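Chemist: Questions regarding the structure given below will be posed in turn.
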Amino acid sequence: MKTYVLVGAGSRALFMFAKPMALDFKEHVAFKGVYDINPARARFLSEECENVPVYDDFHRMLAEVKPDVVVVASTDNTHHTYIIESLKAGCDVISEKPMTIDADKCREILEAEQASGKKVTVTFNLRFAPYFAKVKELLMDGAIGEVFHIDLEWFLDRRHGADYFRRWHAEMKNSGGLLVHKSTHHFDIINWWMDSNPEEVHAFGKLRVYGDNRKEKGERCLTCDYKTTCEFYLDIESDAFIEKYYHQAEEEDGYIRDRCLFDDRIDIYDTMSVNVRYENDAMLTYSLVAYSPYEGWRGVINGSKGRMEVTNVYTSWDMKQSDTSLITIHRPDGSTEHVEVNTSAAGHGGGDAKLRKVLFEGGVEDRLGQQADSGVGATSLLIGATANRSIAEGRALRLPDVSPSANTANGTAGKGAAAVEQAGARSQ
């Protein structure tokens, strides 16, 4: 049995990691500590997880518990700090996606991992969702031959999508924007399906709906003069989890969970388009909007022996649907095949539960290559980070080389992690 500790005490930390570790995987996991810069939120999590010890200092938690594994589920811009400090302490790391938010931090992580001899695992749950896994299986079996082009359209609705612009995600310095925080999921799936590495990115992005685009606004929904007329109004007092974990914890760190969607602090994009060229000359055309009337995604995979059409439309953030979904394959001879996949499971289409089994029990066959290491985590986040640079500079850019050997050769070795106490660990 391995000993685990957790950094972060928000919704993802609680439901994806803490409660399962404390309640469902007791035979495999000794959950011995949680740290968050907001002590109230950490206490609330502890109460739901058999009173796991709460620490007010990350380094003290490492020193006293001496964990085998550190689970990092803090804000994206602090991931690199906790990952690097954990590796230096001799711990393996499980990091919530994205592994970090930019190339420099990514280099530091890879360098620290190489120096430590320990392992970083990134939690790409969509690889484990039955629908996405079935697409991978069909592609591996040659259903449409060699993949030449993928077109992927992802659309977030005005509840789920809008919520990113209320929270810490709304500032590029915290999340890398949705092209890193959210799209890293999507880019990873494409990389996995494509079975090739991305080389060049050209992207466009704008803030069209949220941000400083409305005169009728306030500091937060709770005290806003326009709460009765704003279609985006969020009543945090009516949501039991948000009321407890965020509203009641505000005094600890001043973090406001229902910030106005039209605050001028918002500098991430809500409308994005990205083109990617891969090493094997395959191409990706990708788009993301965060204000759709409904939520889901559509994709087309074009190959040497046919065309695969894939789509999911759902009504909740965890991608739960009511029944089966279809994968449709069109072949050059005019024939069509429909493949049914059960997509009724909760937890990101059933991916969360399958991923947790791999993380905490192990011993699961990985024929499809679903498990993701630091290299996989780096490749997906670098598409988004490079896309952000492409938008800012108005040109196509090659992905940077972030390997530790490249750092040393270029004289840009990682500077090491900043002090944890300064970085903070607000939960996701």
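Naming works like this for the structure tokens: A, B, ... for the chains as they're shown, residue 1 at the start of each chain, ligands 1 onward in shown order.
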Name all residues at most 9 Å from A:Asn77 (count only C-alpha atoms; drop same-chain ones fewer than 4 positions away) and give them as a PyMOL selection string.
Modeler: chain A and resi 81+100-102+105+173-176+423
Chemist: Would you put the residues from that selection into a file with C-alpha atoms, as a short mmCIF file (atom, residue, chain, number, x, y, z; two decimals), in the first residue's frame?
Modeler:
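Full text of part24.cif as output:
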```cif
data_model
loop_
_atom_site.label_atom_id
_atom_site.label_comp_id
_atom_site.auth_asym_id
_atom_site.auth_seq_id
_atom_site.Cartn_x
_atom_site.Cartn_y
_atom_site.Cartn_z
CA THR A 81 5.96 24.34 -8.06
CA THR A 100 1.54 23.34 -16.26
CA ILE A 101 0.75 26.45 -18.32
CA ASP A 102 3.80 27.37 -20.41
CA LYS A 105 7.55 25.75 -16.42
CA LYS A 173 -1.39 34.24 -15.73
CA ASN A 174 -3.38 31.71 -13.68
CA SER A 175 -4.57 29.20 -16.28
CA GLY A 176 -2.92 29.88 -19.62
CA ALA A 423 3.05 30.41 -5.15
#
```
Chemist: Using only C-alpha atoms, which protein or nucleic acid residues come within 12 Å of A:Asp188? Drop anything in the same chain fewer than 3 positions from it, and give the result as JSON, numbers by chain.
Modeler: {"A": [97, 98, 99, 122, 123, 124, 125, 126, 127, 132, 179, 180, 181, 182, 183, 184, 185, 191, 192, 193, 194, 195, 196, 197, 198, 370, 371, 372, 373, 375, 376, 377, 378, 379, 380, 381, 382, 383, 384]}
Chemist: Pick out the closest residue to A:Met283 from this set: A:Lys119, A:His149, A:Arg107, A:Arg208. Count only C-alpha atoms.
Modeler: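 Of all the options, A:His149 lies closest to A:Met283.
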Chemist: Return the single residue from A:His80, A:Asp264, A:Glu252, A:Val72 that is closest to A:Asp104, with distances computed using only C-alpha atoms.
Modeler: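 Closest to A:Asp104, using only C-alpha atoms: A:His80.
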Chemist: Mind listing the strand (DSSP E) residues of stretch 98-222 of chain A, per DSSP on the backbone, as a ChimeraX atom specification?
Modeler: /A:120-123,147-157,198-206
Chemist: Could you state the separation of atom CA of A:Ser304 and atom CA of A:Thr386 in Å, given to one decimal place?
Modeler: 28.9 Å
Chemist: Quote the spacing between atom CA of A:Ser403 and atom CA of A:Asn280 in Å to one decimal place.
Modeler: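 These atoms are spaced 20.4 Å apart.
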Chemist: Write out as an NGL selection string all residues of stretch 297-378 of chain A that DSSP puts in helix (DSSP H, G or I) for this structure's backbone.
Modeler: :A and (351-360 or 374-378)
Chemist: Could you work out how far atom CA of A:Val358 lies from atom CA of A:Asp57, giving the answer in Å with one decimal?
Modeler: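 Calculated distance between atom CA of A:Asp57 and atom CA of A:Val358 is 29.3 Å.
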Chemist: Could you name the residues that touch A:Tyr233 at 10 Å or less, counting only C-alpha atoms, but leaving out those on the same chain fewer than 4 positions away, as number ranges by chain?
Modeler: A: 159, 220-222, 224, 226-229, 258, 260-261
Chemist: Store the residues of this selection in a file with C-alpha atoms, as an mmCIF file, in the first residue's frame.
Modeler:
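The resulting file, out36.cif, is shown below:
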```
data_model
loop_
_atom_site.group_PDB
_atom_site.id
_atom_site.type_symbol
_atom_site.label_atom_id
_atom_site.label_comp_id
_atom_site.auth_asym_id
_atom_site.auth_seq_id
_atom_site.Cartn_x
_atom_site.Cartn_y
_atom_site.Cartn_z
ATOM 1 C CA ARG A 159 -23.295 27.661 -17.807
ATOM 2 C CA ARG A 220 -19.932 39.776 -8.151
ATOM 3 C CA CYS A 221 -23.320 38.153 -8.698
ATOM 4 C CA LEU A 222 -24.204 38.130 -5.005
ATOM 5 C CA CYS A 224 -24.914 42.935 -8.300
ATOM 6 C CA TYR A 226 -28.446 43.586 -12.281
ATOM 7 C CA LYS A 227 -28.968 40.125 -10.758
ATOM 8 C CA THR A 228 -32.669 40.059 -11.685
ATOM 9 C CA THR A 229 -32.024 40.847 -15.362
ATOM 10 C CA ASP A 258 -18.986 34.445 -8.365
ATOM 11 C CA CYS A 260 -18.667 39.180 -12.698
ATOM 12 C CA LEU A 261 -18.280 37.681 -16.161
#
```
Chemist: Residues at most 8 Å from stretch 62-70 of chain A, counting only C-alpha atoms, excluding those fewer than 2 positions away in the same chain, as a PyMOL selection string?
Modeler: chain A and resi 2-7+32-33+58-60+72+83+86+89-94
Chemist: Considering only C-alpha atoms, return as a VMD selection string whatever protein or nucleic-acid residues lie within 12 Å of A:Lys354, sequence-local ones (same chain, fewer than 2 positions apart) excluded.
Modeler: chain A and resid 16 123 to 130 133 345 to 352 356 to 362 364 to 366 370 to 371
Chemist: Those residues you just picked out, can you put them in a file as a compact mmCIF listing (two decimals), in the first residue's frame with C-alpha atoms?
Modeler:
```txt
# COMPACT_ATOMS: atom_id res chain seq x y z
CA MET A 16 -11.88 13.02 -8.37
CA THR A 123 -4.68 12.64 -15.49
CA PHE A 124 -6.16 12.67 -18.98
CA ASN A 125 -9.51 11.10 -18.16
CA LEU A 126 -10.94 11.41 -21.68
CA ARG A 127 -8.53 8.70 -22.85
CA PHE A 128 -10.44 6.34 -20.54
CA ALA A 129 -13.95 7.40 -21.56
CA PRO A 130 -15.45 4.51 -23.59
CA ALA A 133 -11.26 4.80 -26.36
CA ALA A 345 -21.86 6.84 -17.46
CA ALA A 346 -21.23 9.92 -15.32
CA GLY A 347 -17.78 11.32 -14.57
CA HIS A 348 -16.56 12.62 -17.93
CA GLY A 349 -18.28 9.94 -19.95
CA GLY A 350 -17.13 7.18 -17.61
CA GLY A 351 -13.47 8.17 -17.88
CA ASP A 352 -12.98 9.27 -14.26
CA ARG A 356 -8.92 6.14 -10.85
CA LYS A 357 -8.72 2.35 -11.04
CA VAL A 358 -5.49 2.63 -13.01
CA LEU A 359 -4.04 5.30 -10.70
CA PHE A 360 -4.84 3.67 -7.37
CA GLU A 361 -5.02 -0.06 -8.10
CA GLY A 362 -2.75 -0.51 -11.12
CA VAL A 364 -4.58 -2.77 -15.78
CA GLU A 365 -3.63 -3.74 -19.33
CA ASP A 366 -2.82 -0.69 -21.45
CA GLN A 370 -4.21 5.37 -22.28
CA GLN A 371 -1.82 6.11 -19.43
```
Chemist: Restricting the calculation to only C-alpha atoms, which member of A:Ala143, A:Val201, A:Val339, A:Ile256 is positioned closest to A:Tyr278?
Modeler: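 Result for the nearest residue to A:Tyr278: A:Val201.
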Chemist: Go through A:Ala392, A:Leu397, A:Ile301, A:Ala162 and flag the residue nearest A:Val289, using only C-alpha atoms for the distances.
Modeler: A:Ala162
Chemist: Counting only C-alpha atoms, which residue out of A:Ile236, A:Lys134, A:Arg277, A:Thr311 sits closest to A:Arg398?
Modeler: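 Distance minimum relative to A:Arg398 lands on A:Arg277.
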